[in-house]
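Asker: The structure file model14.csv (CSV, C-alpha atoms) is provided below.
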```csv
chain,number,residue,atom,x,y,z
A,1,MET,CA,150.2,230.2,61.7
A,2,PRO,CA,147.7,229.4,64.5
A,3,LEU,CA,148.0,230.7,68.1
A,4,LEU,CA,147.9,228.7,71.3
A,5,ILE,CA,146.6,230.8,74.2
A,6,LEU,CA,147.5,229.7,77.8
A,7,PRO,CA,145.8,231.7,80.5
A,8,ALA,CA,147.8,231.3,83.7
A,9,HIS,CA,147.4,232.4,87.3
A,10,ASN,CA,150.2,231.3,89.6
A,11,GLU,CA,151.1,228.4,87.4
A,12,ALA,CA,154.9,228.7,87.3
A,13,SER,CA,155.4,225.1,88.4
A,14,ASN,CA,152.9,223.7,86.0
A,15,LEU,CA,154.0,225.8,83.0
A,16,SER,CA,157.5,224.4,83.0
A,17,ARG,CA,155.9,221.1,82.0
A,18,VAL,CA,152.9,222.3,80.1
A,19,ILE,CA,154.8,224.6,77.6
A,20,PRO,CA,157.3,221.9,76.4
A,21,GLU,CA,154.5,219.4,76.2
A,22,ALA,CA,152.4,221.8,74.1
A,23,ARG,CA,155.3,222.7,71.9
A,24,ALA,CA,156.0,219.0,71.2
A,25,ALA,CA,152.3,218.3,70.4
A,26,ALA,CA,151.7,221.4,68.3
A,27,PRO,CA,155.0,222.5,66.8
A,28,GLY,CA,153.5,224.9,64.2
A,29,TYR,CA,151.8,227.1,66.8
A,30,ASP,CA,152.7,230.5,68.2
A,31,LEU,CA,152.4,230.4,71.9
A,32,VAL,CA,151.2,233.2,74.2
A,33,VAL,CA,150.8,233.0,77.9
A,34,ILE,CA,148.4,235.4,79.5
A,35,ASP,CA,149.8,236.0,83.0
A,36,ASP,CA,146.7,236.9,85.0
A,37,GLY,CA,148.4,239.0,87.7
A,38,SER,CA,150.3,236.1,89.1
A,39,ARG,CA,152.3,236.5,92.3
A,40,ASP,CA,154.8,233.8,91.4
A,41,ALA,CA,157.3,233.4,88.6
A,42,THR,CA,154.7,232.6,86.0
A,43,ALA,CA,155.8,235.3,83.6
A,44,ALA,CA,159.5,234.6,84.0
A,45,VAL,CA,159.1,230.9,83.5
A,46,ALA,CA,157.0,231.3,80.4
A,47,ALA,CA,159.4,233.8,78.9
A,48,SER,CA,162.4,231.5,79.7
A,49,LEU,CA,160.7,228.8,77.7
A,50,GLY,CA,160.3,231.0,74.7
A,51,ALA,CA,156.6,231.8,75.0
A,52,GLU,CA,155.3,235.3,74.3
A,53,VAL,CA,154.0,236.6,77.7
A,54,VAL,CA,151.3,239.2,78.1
A,55,THR,CA,151.2,240.2,81.8
A,56,LEU,CA,148.0,241.6,83.2
A,57,PRO,CA,148.9,244.2,85.8
A,58,ALA,CA,146.0,243.1,88.0
A,59,ASN,CA,144.2,239.7,88.4
A,60,LEU,CA,141.1,239.8,86.1
A,61,GLY,CA,139.9,236.2,86.5
A,62,TYR,CA,139.9,233.4,84.0
A,63,GLY,CA,137.6,234.9,81.4
A,64,GLY,CA,139.3,238.3,81.5
A,65,ALA,CA,142.6,236.6,80.8
A,66,VAL,CA,141.3,234.4,78.0
A,67,GLN,CA,139.7,237.5,76.4
A,68,THR,CA,143.0,239.2,76.5
A,69,GLY,CA,144.3,236.3,74.5
A,70,PHE,CA,141.5,236.8,72.0
A,71,ARG,CA,142.4,240.4,71.6
A,72,TYR,CA,146.0,239.5,71.1
A,73,ALA,CA,145.0,237.0,68.4
A,74,VAL,CA,142.7,239.5,66.6
A,75,GLU,CA,145.2,242.4,66.7
A,76,ARG,CA,147.9,240.1,65.2
A,77,GLY,CA,145.6,238.7,62.6
A,78,TYR,CA,145.5,235.0,63.6
A,79,ASP,CA,142.9,233.0,61.8
A,80,LEU,CA,142.7,230.3,64.4
A,81,ALA,CA,143.4,230.2,68.2
A,82,VAL,CA,143.3,227.3,70.6
A,83,VAL,CA,142.8,228.0,74.3
A,84,MET,CA,144.2,225.5,76.8
A,85,ASP,CA,144.5,225.5,80.6
A,86,SER,CA,148.0,225.9,81.8
A,87,ASP,CA,147.6,223.7,84.9
A,88,GLY,CA,148.1,220.5,82.9
A,89,GLN,CA,144.5,219.4,82.9
A,90,HIS,CA,144.2,219.4,79.2
A,91,ASP,CA,146.2,216.9,77.2
A,92,PRO,CA,147.9,218.8,74.4
A,93,ALA,CA,147.2,215.9,72.1
A,94,GLY,CA,143.7,217.4,71.7
A,95,ILE,CA,145.0,220.6,70.1
A,96,HIS,CA,145.1,219.2,66.6
A,97,LEU,CA,141.7,217.5,67.0
A,98,LEU,CA,140.1,220.8,67.9
A,99,ALA,CA,141.9,222.8,65.3
A,100,GLU,CA,141.0,220.4,62.5
A,101,ALA,CA,137.3,220.6,63.4
A,102,VAL,CA,137.5,224.4,62.9
A,103,LEU,CA,139.9,224.4,59.9
A,104,GLY,CA,137.8,221.8,58.2
A,105,GLY,CA,134.9,224.3,58.2
A,106,GLN,CA,132.6,222.1,60.3
A,107,ALA,CA,132.4,224.6,63.0
A,108,ASP,CA,133.3,228.1,64.1
A,109,VAL,CA,134.2,226.9,67.6
A,110,ALA,CA,135.3,223.4,68.7
A,111,VAL,CA,135.0,222.5,72.3
A,112,GLY,CA,137.0,219.7,73.9
A,113,SER,CA,134.7,217.3,75.8
A,114,ARG,CA,136.1,215.1,78.5
A,115,PHE,CA,133.1,212.9,78.4
A,116,HIS,CA,133.4,212.1,74.7
A,117,GLY,CA,136.9,211.1,75.4
A,118,ARG,CA,138.4,208.9,78.0
A,119,MET,CA,137.5,210.0,81.5
A,120,ASP,CA,140.4,210.1,84.0
A,121,TYR,CA,139.3,213.1,86.0
A,122,HIS,CA,137.5,213.9,89.3
A,123,GLN,CA,135.4,216.9,90.4
A,124,PRO,CA,133.6,218.0,93.5
A,125,TRP,CA,130.0,216.6,93.5
A,126,VAL,CA,128.3,220.0,93.5
A,127,LYS,CA,130.1,221.0,90.4
A,128,ARG,CA,129.4,217.6,88.7
A,129,VAL,CA,125.7,217.9,89.3
A,130,GLY,CA,125.7,221.5,88.1
A,131,MET,CA,127.7,220.6,85.0
A,132,ARG,CA,125.2,217.8,84.1
A,133,LEU,CA,122.3,220.2,84.5
A,134,PHE,CA,124.0,222.9,82.4
A,135,ALA,CA,124.9,220.4,79.7
A,136,TRP,CA,121.3,219.2,79.5
A,137,THR,CA,120.0,222.8,79.3
A,138,VAL,CA,122.5,223.8,76.5
A,139,SER,CA,121.8,220.6,74.6
A,140,ARG,CA,118.1,221.2,74.7
A,141,ILE,CA,118.3,224.8,73.5
A,142,THR,CA,120.9,224.3,70.8
A,143,GLN,CA,119.3,221.0,69.7
A,144,ARG,CA,122.8,219.6,69.6
A,145,GLU,CA,124.5,217.2,72.0
A,146,VAL,CA,126.6,219.1,74.4
A,147,THR,CA,128.3,216.9,77.1
A,148,ASP,CA,130.9,219.3,78.5
A,149,PRO,CA,130.0,223.0,78.4
A,150,THR,CA,132.4,223.9,81.2
A,151,SER,CA,135.4,222.9,79.1
A,152,GLY,CA,138.0,225.6,78.6
A,153,PHE,CA,139.8,223.6,75.9
A,154,GLN,CA,138.5,225.3,72.8
A,155,ALA,CA,139.5,226.2,69.2
A,156,LEU,CA,138.0,229.4,67.6
A,157,ASN,CA,138.1,230.8,64.1
A,158,ARG,CA,138.6,234.4,63.2
A,159,ASP,CA,135.0,235.4,63.3
A,160,ALA,CA,134.5,233.8,66.7
A,161,LEU,CA,137.7,235.5,68.0
A,162,ARG,CA,136.5,238.9,66.8
A,163,PHE,CA,133.0,238.3,68.4
A,164,PHE,CA,134.6,237.6,71.8
A,165,ALA,CA,137.6,239.9,71.7
A,166,TYR,CA,136.0,243.1,72.8
A,167,ASP,CA,132.5,242.1,74.1
A,168,ASN,CA,130.2,239.2,74.7
A,169,TYR,CA,132.7,237.3,76.9
A,170,PRO,CA,132.1,237.0,80.7
A,171,VAL,CA,135.0,238.0,82.9
A,172,ASP,CA,134.9,235.2,85.5
A,173,TYR,CA,133.7,231.8,84.3
A,174,PRO,CA,132.9,231.7,80.5
A,175,ASP,CA,131.5,228.3,79.7
A,176,ALA,CA,127.9,227.0,79.3
A,177,ASP,CA,126.5,230.6,79.0
A,178,THR,CA,129.2,231.4,76.4
A,179,LEU,CA,128.1,228.4,74.2
A,180,LEU,CA,124.6,229.7,74.3
A,181,VAL,CA,125.7,233.2,73.4
A,182,LEU,CA,127.5,231.7,70.4
A,183,HIS,CA,124.5,229.7,69.4
A,184,TYR,CA,122.1,232.7,69.6
A,185,ALA,CA,124.6,234.8,67.6
A,186,GLY,CA,124.6,232.3,64.8
A,187,PHE,CA,127.9,230.5,65.3
A,188,ARG,CA,128.3,226.7,64.8
A,189,VAL,CA,129.8,224.9,67.8
A,190,VAL,CA,130.9,221.3,67.8
A,191,GLU,CA,132.4,219.1,70.5
A,192,ALA,CA,135.4,217.0,70.1
A,193,PRO,CA,136.6,214.2,72.4
A,194,VAL,CA,139.7,215.1,74.5
A,195,THR,CA,141.4,213.6,77.5
A,196,MET,CA,141.5,215.6,80.8
A,197,ARG,CA,143.8,214.8,83.7
A,198,GLU,CA,144.2,215.9,87.3
A,199,ARG,CA,146.0,219.2,87.5
A,200,LEU,CA,149.7,218.8,88.0
A,201,GLY,CA,150.0,220.9,91.1
A,202,GLY,CA,149.0,224.2,92.8
A,203,VAL,CA,145.5,225.3,93.8
A,204,SER,CA,142.5,224.8,91.5
A,205,MET,CA,140.1,227.6,91.0
A,206,HIS,CA,137.2,225.2,91.8
A,207,SER,CA,137.9,224.4,95.5
A,208,GLY,CA,136.2,224.9,98.8
A,209,TRP,CA,133.0,227.0,98.6
A,210,LYS,CA,133.7,227.9,95.0
A,211,PRO,CA,131.8,225.0,93.4
A,212,ILE,CA,128.6,226.3,95.0
A,213,TYR,CA,129.2,229.9,94.0
A,214,TYR,CA,130.0,228.5,90.5
A,215,VAL,CA,126.8,226.7,90.1
A,216,PHE,CA,124.6,229.6,91.1
A,217,LYS,CA,126.6,232.1,89.0
A,218,MET,CA,126.4,229.8,86.0
A,219,TRP,CA,122.6,229.3,86.5
A,220,LEU,CA,122.1,233.1,86.6
A,221,ALA,CA,124.3,233.6,83.6
A,222,ILE,CA,122.5,231.0,81.5
A,223,SER,CA,119.1,232.4,82.5
A,224,MET,CA,120.2,235.9,81.4
A,225,VAL,CA,121.5,234.7,78.0
A,226,VAL,CA,118.1,233.0,77.4
A,227,LEU,CA,116.2,236.1,78.6
A,228,ARG,CA,118.3,238.3,76.3
A,229,ALA,CA,117.5,236.0,73.3
A,230,GLN,CA,113.8,236.1,74.1
A,231,THR,CA,113.8,239.9,74.4
A,232,ARG,CA,115.9,240.3,71.2
A,233,LEU,CA,118.9,241.7,73.0
A,234,SER,CA,121.3,239.0,71.8
A,235,ALA,CA,124.6,240.0,70.2
A,236,LYS,CA,124.8,239.0,66.5
A,237,ARG,CA,127.6,237.6,64.5
A,238,THR,CA,129.3,240.1,62.1
A,239,GLY,CA,130.8,238.9,58.8
A,240,ALA,CA,134.5,239.0,58.2
Z,1,MET,CA,104.0,262.4,118.7
Z,2,MET,CA,107.7,263.4,119.0
Z,3,GLN,CA,109.1,265.4,121.8
Z,4,PRO,CA,110.7,268.8,121.1
Z,5,LEU,CA,114.3,267.7,121.9
Z,6,PRO,CA,114.4,264.6,119.5
Z,7,ARG,CA,112.8,266.9,116.8
Z,8,LEU,CA,115.6,269.4,117.3
Z,9,LEU,CA,118.2,266.6,117.1
Z,10,VAL,CA,116.8,265.2,113.9
Z,11,PHE,CA,116.6,268.7,112.4
Z,12,MET,CA,120.3,269.3,113.3
Z,13,LEU,CA,121.3,265.9,111.9
Z,14,GLY,CA,119.6,266.7,108.6
Z,15,LEU,CA,121.2,270.1,108.5
Z,16,THR,CA,124.7,268.5,109.1
Z,17,VAL,CA,124.2,266.0,106.3
Z,18,LEU,CA,123.1,268.8,103.9
Z,19,LEU,CA,126.1,271.0,104.8
Z,20,LEU,CA,128.5,268.1,104.6
Z,21,VAL,CA,127.3,267.0,101.2
Z,22,ILE,CA,127.2,270.5,99.7
Z,23,ASN,CA,130.7,271.2,101.0
Z,24,LEU,CA,132.0,267.9,99.5
Z,25,VAL,CA,130.5,268.8,96.1
Z,26,ARG,CA,131.9,272.3,96.4
Z,27,LYS,CA,135.4,270.8,96.9
Z,28,ARG,CA,134.8,268.3,94.0
Z,29,GLN,CA,135.2,265.3,96.3
Z,30,LEU,CA,131.7,264.1,95.5
Z,31,GLN,CA,130.1,264.1,92.1
Z,32,GLU,CA,126.8,265.8,91.6
Z,33,ARG,CA,125.1,262.6,90.4
Z,34,TYR,CA,126.0,260.8,93.6
Z,35,ALA,CA,125.1,263.8,95.8
Z,36,ILE,CA,121.5,263.9,94.7
Z,37,LEU,CA,120.3,261.0,96.7
Z,38,TRP,CA,122.3,262.1,99.8
Z,39,LEU,CA,120.8,265.6,99.5
Z,40,LEU,CA,117.3,264.1,99.4
Z,41,ALA,CA,118.2,262.1,102.5
Z,42,GLY,CA,119.4,265.2,104.3
Z,43,LEU,CA,116.4,267.2,103.2
Z,44,ALA,CA,114.1,264.5,104.4
Z,45,LEU,CA,115.8,264.6,107.9
Z,46,THR,CA,115.8,268.4,108.1
Z,47,LEU,CA,112.1,268.6,107.3
Z,48,ALA,CA,111.2,265.5,109.4
Z,49,PRO,CA,110.0,267.5,112.4
Z,50,VAL,CA,107.5,269.2,110.2
Z,51,PHE,CA,106.4,266.1,108.5
Z,52,ILE,CA,106.1,263.8,111.5
Z,53,PRO,CA,102.5,264.7,112.3
Z,54,TRP,CA,101.5,264.1,108.7
Z,55,LEU,CA,103.5,260.9,108.7
Z,56,ASP,CA,101.6,259.7,111.8
Z,57,ARG,CA,98.3,260.4,110.0
Z,58,LEU,CA,99.6,258.7,106.8
Z,59,ALA,CA,100.7,255.6,108.8
Z,60,PHE,CA,97.3,255.2,110.5
Z,61,SER,CA,95.4,255.8,107.3
Z,62,ILE,CA,97.2,252.9,105.5
Z,63,GLY,CA,96.7,250.7,108.5
Z,64,ILE,CA,100.1,250.9,110.2
Z,65,GLU,CA,99.4,250.9,113.9
Z,66,TYR,CA,102.9,252.0,114.9
Z,67,PRO,CA,103.9,255.1,112.9
Z,68,PRO,CA,107.7,254.9,113.4
Z,69,ALA,CA,107.5,251.6,111.5
Z,70,LEU,CA,106.6,253.6,108.4
Z,71,LEU,CA,109.5,255.9,109.0
Z,72,LEU,CA,111.9,253.0,109.3
Z,73,LEU,CA,110.4,251.5,106.1
Z,74,LEU,CA,111.0,254.7,104.2
Z,75,ALA,CA,114.5,254.9,105.6
Z,76,VAL,CA,115.3,251.4,104.5
Z,77,VAL,CA,113.9,252.0,101.0
Z,78,GLY,CA,116.0,255.1,100.7
Z,79,LEU,CA,119.2,253.3,101.8
Z,80,LEU,CA,118.5,250.4,99.4
Z,81,LEU,CA,118.2,253.0,96.6
Z,82,LEU,CA,121.6,254.4,97.5
Z,83,ILE,CA,123.2,251.0,97.6
Z,84,PHE,CA,121.7,250.0,94.3
Z,85,GLN,CA,123.1,253.0,92.7
Z,86,LEU,CA,126.5,252.0,94.0
Z,87,SER,CA,126.1,248.4,92.7
Z,88,LEU,CA,125.4,249.8,89.2
Z,89,THR,CA,128.4,252.0,89.4
Z,90,ILE,CA,130.7,249.1,90.6
Z,91,SER,CA,129.5,247.0,87.6
Z,92,ARG,CA,130.3,249.7,85.2
Z,93,ASN,CA,133.6,250.5,86.8
Z,94,GLU,CA,134.7,246.8,86.8
Z,95,ASP,CA,134.0,246.7,83.1
Z,96,ARG,CA,136.1,249.8,82.5
Z,97,ILE,CA,138.9,248.4,84.7
Z,98,LYS,CA,138.9,245.1,82.7
Z,99,VAL,CA,139.3,247.0,79.4
Z,100,LEU,CA,142.0,249.2,80.8
Z,101,THR,CA,143.9,246.2,82.3
Z,102,GLN,CA,143.8,244.3,79.0
Z,103,GLU,CA,144.7,247.3,76.9
Z,104,LEU,CA,147.6,248.1,79.3
Z,105,ALA,CA,148.9,244.5,79.2
Z,106,LEU,CA,148.8,244.3,75.4
Z,107,LEU,CA,150.4,247.7,75.0
Z,108,SER,CA,153.2,246.8,77.5
Z,109,HIS,CA,153.8,243.6,75.5
Z,110,ALA,CA,154.0,245.5,72.2
Z,111,VAL,CA,156.3,248.2,73.6
Z,112,ALA,CA,158.6,245.6,75.1
Z,113,ALA,CA,158.7,243.8,71.7
Z,114,CYS,CA,159.5,247.1,70.0
Z,115,GLN,CA,162.4,247.8,72.4
Z,116,ARG,CA,163.8,244.3,71.8
Z,117,THR,CA,163.8,244.7,68.0
Z,118,ALA,CA,165.3,248.2,68.3
Z,119,ASN,CA,168.0,246.8,70.5
Z,120,GLU,CA,168.6,243.8,68.2
Z,121,ALA,CA,168.8,246.2,65.2
Z,122,GLY,CA,172.0,247.2,66.9
Z,123,ASP,CA,171.9,251.0,67.1
Z,124,SER,CA,175.6,251.0,68.1
Z,125,THR,CA,175.8,254.8,68.4
Z,126,ARG,CA,173.4,254.7,71.4
Z,127,PRO,CA,173.5,252.5,74.5
Z,128,ALA,CA,170.8,249.8,74.4
Z,129,GLN,CA,167.9,250.7,76.6
Z,130,GLU,CA,166.7,248.1,79.2
Z,131,VAL,CA,163.3,249.0,80.4
Z,132,PRO,CA,161.4,245.9,81.3
Z,133,ILE,CA,157.9,247.3,81.1
Z,134,GLY,CA,155.3,245.1,82.8
Z,135,GLU,CA,158.0,243.6,85.1
Z,136,GLN,CA,158.5,246.7,87.2
Z,137,ASP,CA,156.0,245.9,90.0
Z,138,HIS,CA,157.0,242.2,90.2
Z,139,ASP,CA,159.7,241.8,92.8
```
Before anything else, please render the file you have as structure tokens.
Answerer:
Amino acid sequence: MPLLILPAHNEASNLSRVIPEARAAAPGYDLVVIDDGSRDATAAVAASLGAEVVTLPANLGYGGAVQTGFRYAVERGYDLAVVMDSDGQHDPAGIHLLAEAVLGGQADVAVGSRFHGRMDYHQPWVKRVGMRLFAWTVSRITQREVTDPTSGFQALNRDALRFFAYDNYPVDYPDADTLLVLHYAGFRVVEAPVTMRERLGGVSMHSGWKPIYYVFKMWLAISMVVLRAQTRLSAKRTGA
Amino acid sequence: MMQPLPRLLVFMLGLTVLLLVINLVRKRQLQERYAILWLLAGLALTLAPVFIPWLDRLAFSIGIEYPPALLLLLAVVGLLLLIFQLSLTISRNEDRIKVLTQELALLSHAVAACQRTANEAGDSTRPAQEVPIGEQDHD
């Protein structure tokens, strides 16, 4: 049975819609909500909807929460995990599409791309420009078309889960740099078209000054991944 | 050239720093590896009155017209070293805290699941235990 990982920080209001939607779209999936030190009723809402809830006692940030989900998956022996935002941005219809790309053996990691799919989605311009630049960089290095490296809608197989569960995963914003780390480690990454929507409610993690911080942070992270690869410090894939 | 009173003040300041740092290490409130840079700073201050004539000569010889500028430059470099050491420590500690937080969350979840199954198994001779681990600090 595959696992659906929902990292959630103060998403009580959104989860009450997202969890039933996800269950309906992916009935065969176990569902774990990683409550990233929320101050609202995130954990209680998720538990009342029948999801497993892992509550982080302090707020770690998006990457730290997702990695907790990977550890959960590895420790329980799941062969496949799909990560989906719990704010309603990701259309759960994409779960099967991503899972099939991995289960079919075409890839170790499948990333949902909003630009391959239908675009009904807005971003601050700073972040949009940054994302274009990062996509271009990653595409150039991996020699494979990457249109949406910031997407957090991903499916991972067992090897990729183990690779990320204890190391190699950034705490704050894993995205374009993470795809490069995978590439240099010898994993195959493919993109699949998915639909993204405006978040249902609450505060996005990319608001105010954060887009600018985000772009600089990601630029530094990507540069460091490339530098590590060139100085033979990259992490390598280990067999199952 | 420095006047006798400022020299004495700098000497006293250096001595105070040295004594403070040594005392904190003695009471195990400051670890040795963080004390080293502070001890060097204290030592530099204590010996400053002796070194200042040399410092003046050094400053002039490398083309610095105003010797206190060299002193300030050295002080800034020293402080940057101290701060850099702290940044390294913070990076390492954040990594450790992340691992601890994740491990604690997963263990709490596992323990809660164990308690649920134990309660459901219906050990009727003992009252069911209700310890909602992980929920305690959420009011």
Asker: Can I get the residues of chain A within 10 Å of chain Z, each with the closest pair of atoms and their distance in Å to one decimal, using only C-alpha atoms, sorted chain first then ascending number, as a Markdown table?
Answerer:
```
| residue | atom | partner | partner_atom | distance |
| --- | --- | --- | --- | --- |
| A:Ile34 | CA | Z:Ala105 | CA | 9.1 |
| A:Asp35 | CA | Z:Ala105 | CA | 9.4 |
| A:Asp36 | CA | Z:Ala105 | CA | 9.8 |
| A:Gly37 | CA | Z:His138 | CA | 9.5 |
| A:Ser38 | CA | Z:His138 | CA | 9.1 |
| A:Arg39 | CA | Z:His138 | CA | 7.7 |
| A:Asp40 | CA | Z:His138 | CA | 8.8 |
| A:Ala41 | CA | Z:His138 | CA | 8.9 |
| A:Ala43 | CA | Z:Glu135 | CA | 8.7 |
| A:Ala44 | CA | Z:Glu135 | CA | 9.2 |
| A:Glu52 | CA | Z:His109 | CA | 8.5 |
| A:Val53 | CA | Z:His109 | CA | 7.3 |
| A:Val54 | CA | Z:His109 | CA | 5.7 |
| A:Thr55 | CA | Z:Ala105 | CA | 5.5 |
| A:Leu56 | CA | Z:Ala105 | CA | 5.0 |
| A:Pro57 | CA | Z:Thr101 | CA | 6.4 |
| A:Ala58 | CA | Z:Thr101 | CA | 6.8 |
| A:Asn59 | CA | Z:Thr101 | CA | 8.9 |
| A:Leu60 | CA | Z:Lys98 | CA | 6.7 |
| A:Gly61 | CA | Z:Lys98 | CA | 9.7 |
| A:Gly64 | CA | Z:Lys98 | CA | 6.9 |
| A:Ala65 | CA | Z:Gln102 | CA | 8.0 |
| A:Gln67 | CA | Z:Gln102 | CA | 8.4 |
| A:Thr68 | CA | Z:Gln102 | CA | 5.7 |
| A:Gly69 | CA | Z:Gln102 | CA | 9.2 |
| A:Arg71 | CA | Z:Leu106 | CA | 8.4 |
| A:Tyr72 | CA | Z:Leu106 | CA | 7.0 |
| A:Glu75 | CA | Z:Leu106 | CA | 9.6 |
| A:Tyr166 | CA | Z:Val99 | CA | 8.3 |
| A:Asp167 | CA | Z:Val99 | CA | 9.9 |
| A:Val171 | CA | Z:Lys98 | CA | 8.1 |
```
Asker: Show me the residues close to (131.6, 238.2, 69.4) - anything with an atom within 12 Å, counting all atoms listed in the file - and format the list as a PyMOL selection string.
Answerer: chain A and resi 67+70-71+74+108-109+156-170+178-179+181-187+234-240
Asker: How far is it from CA of Ala51 in chain A to CA of Gly63 in chain A, in Å with one decimal?
Answerer: 20.3 Å
Asker: Hey, which of A:Gly130, A:Ile141, A:Pro2, A:Ala12 ends up closest to Arg76 in chain A? Count only C-alpha atoms.
Answerer: A:Pro2
Asker: Quick one: residues within 7 Å of range 49-51 of chain Z, only C-alpha atoms, excluding same-chain residues fewer than 3 positions away - as a list of chain:residue names?
Answerer: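 Once the nearby chain positions are removed, what remains is Z:Arg7, Z:Phe11, Z:Trp54, Z:Leu55.
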Asker: CA of Met84 in chain A and CA of Leu6 in chain A, how far apart in Å?
Answerer: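 If I compute the distance from CA of Leu6 in chain A to CA of Met84 in chain A, I get 5.4 Å.
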Asker: So which one's closest to Val194 in chain A, A:Leu97, A:Leu103, A:Ala22, A:Val226? Using all atoms listed in the file, please.
Answerer: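 Among A:Leu97, A:Leu103, A:Ala22, A:Val226, it is A:Leu97 that comes nearest to Val194 in chain A.
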Asker: Provide the CA of Thr16 in chain Z to CA of Thr46 in chain Z distance in Å, to one decimal place.
Answerer: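 We find that CA of Thr16 in chain Z and CA of Thr46 in chain Z lie 9.0 Å from each other.
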Asker: Just add N, CA, C and O atoms to range 109-123 of chain Z and send it as a JSON list (two decimals), in the frame of the given file.
Answerer:
```
[["chain", "number", "residue", "atom", "x", "y", "z"],
["Z", 109, "HIS", "N", 153.22, 244.71, 76.29],
["Z", 109, "HIS", "CA", 153.80, 243.60, 75.50],
["Z", 109, "HIS", "C", 154.37, 244.17, 74.19],
["Z", 109, "HIS", "O", 155.49, 243.87, 73.78],
["Z", 110, "ALA", "N", 153.56, 245.00, 73.52],
["Z", 110, "ALA", "CA", 154.00, 245.50, 72.20],
["Z", 110, "ALA", "C", 155.17, 246.45, 72.37],
["Z", 110, "ALA", "O", 156.11, 246.40, 71.56],
["Z", 111, "VAL", "N", 155.18, 247.28, 73.41],
["Z", 111, "VAL", "CA", 156.30, 248.20, 73.60],
["Z", 111, "VAL", "C", 157.58, 247.42, 73.91],
["Z", 111, "VAL", "O", 158.65, 247.72, 73.36],
["Z", 112, "ALA", "N", 157.46, 246.39, 74.75],
["Z", 112, "ALA", "CA", 158.60, 245.60, 75.10],
["Z", 112, "ALA", "C", 159.19, 244.92, 73.81],
["Z", 112, "ALA", "O", 160.41, 244.86, 73.61],
["Z", 113, "ALA", "N", 158.27, 244.44, 72.95],
["Z", 113, "ALA", "CA", 158.70, 243.80, 71.70],
["Z", 113, "ALA", "C", 159.43, 244.82, 70.81],
["Z", 113, "ALA", "O", 160.46, 244.52, 70.20],
["Z", 114, "CYS", "N", 158.87, 246.06, 70.75],
["Z", 114, "CYS", "CA", 159.50, 247.10, 70.00],
["Z", 114, "CYS", "C", 160.92, 247.39, 70.45],
["Z", 114, "CYS", "O", 161.86, 247.52, 69.67],
["Z", 115, "GLN", "N", 161.07, 247.46, 71.78],
["Z", 115, "GLN", "CA", 162.40, 247.80, 72.40],
["Z", 115, "GLN", "C", 163.37, 246.67, 72.06],
["Z", 115, "GLN", "O", 164.53, 246.93, 71.76],
["Z", 116, "ARG", "N", 162.86, 245.40, 72.12],
["Z", 116, "ARG", "CA", 163.80, 244.30, 71.80],
["Z", 116, "ARG", "C", 164.26, 244.38, 70.37],
["Z", 116, "ARG", "O", 165.47, 244.28, 70.13],
["Z", 117, "THR", "N", 163.34, 244.61, 69.43],
["Z", 117, "THR", "CA", 163.80, 244.70, 68.00],
["Z", 117, "THR", "C", 164.69, 245.86, 67.80],
["Z", 117, "THR", "O", 165.64, 245.77, 67.03],
["Z", 118, "ALA", "N", 164.41, 246.98, 68.47],
["Z", 118, "ALA", "CA", 165.30, 248.20, 68.30],
["Z", 118, "ALA", "C", 166.66, 247.85, 68.83],
["Z", 118, "ALA", "O", 167.66, 248.21, 68.21],
["Z", 119, "ASN", "N", 166.74, 247.14, 69.97],
["Z", 119, "ASN", "CA", 168.00, 246.80, 70.50],
["Z", 119, "ASN", "C", 168.78, 245.81, 69.63],
["Z", 119, "ASN", "O", 169.98, 245.93, 69.43],
["Z", 120, "GLU", "N", 168.01, 244.83, 69.09],
["Z", 120, "GLU", "CA", 168.60, 243.80, 68.20],
["Z", 120, "GLU", "C", 169.11, 244.44, 66.92],
["Z", 120, "GLU", "O", 170.07, 243.97, 66.31],
["Z", 121, "ALA", "N", 168.40, 245.50, 66.46],
["Z", 121, "ALA", "CA", 168.80, 246.20, 65.20],
["Z", 121, "ALA", "C", 170.19, 246.76, 65.37],
["Z", 121, "ALA", "O", 170.83, 247.12, 64.39],
["Z", 122, "GLY", "N", 170.66, 246.87, 66.61],
["Z", 122, "GLY", "CA", 172.00, 247.20, 66.90],
["Z", 122, "GLY", "C", 172.35, 248.69, 66.55],
["Z", 122, "GLY", "O", 173.22, 249.02, 65.74],
["Z", 123, "ASP", "N", 171.62, 249.58, 67.20],
["Z", 123, "ASP", "CA", 171.90, 251.00, 67.10],
["Z", 123, "ASP", "C", 173.16, 251.28, 67.90],
["Z", 123, "ASP", "O", 173.10, 251.67, 69.05]]
```
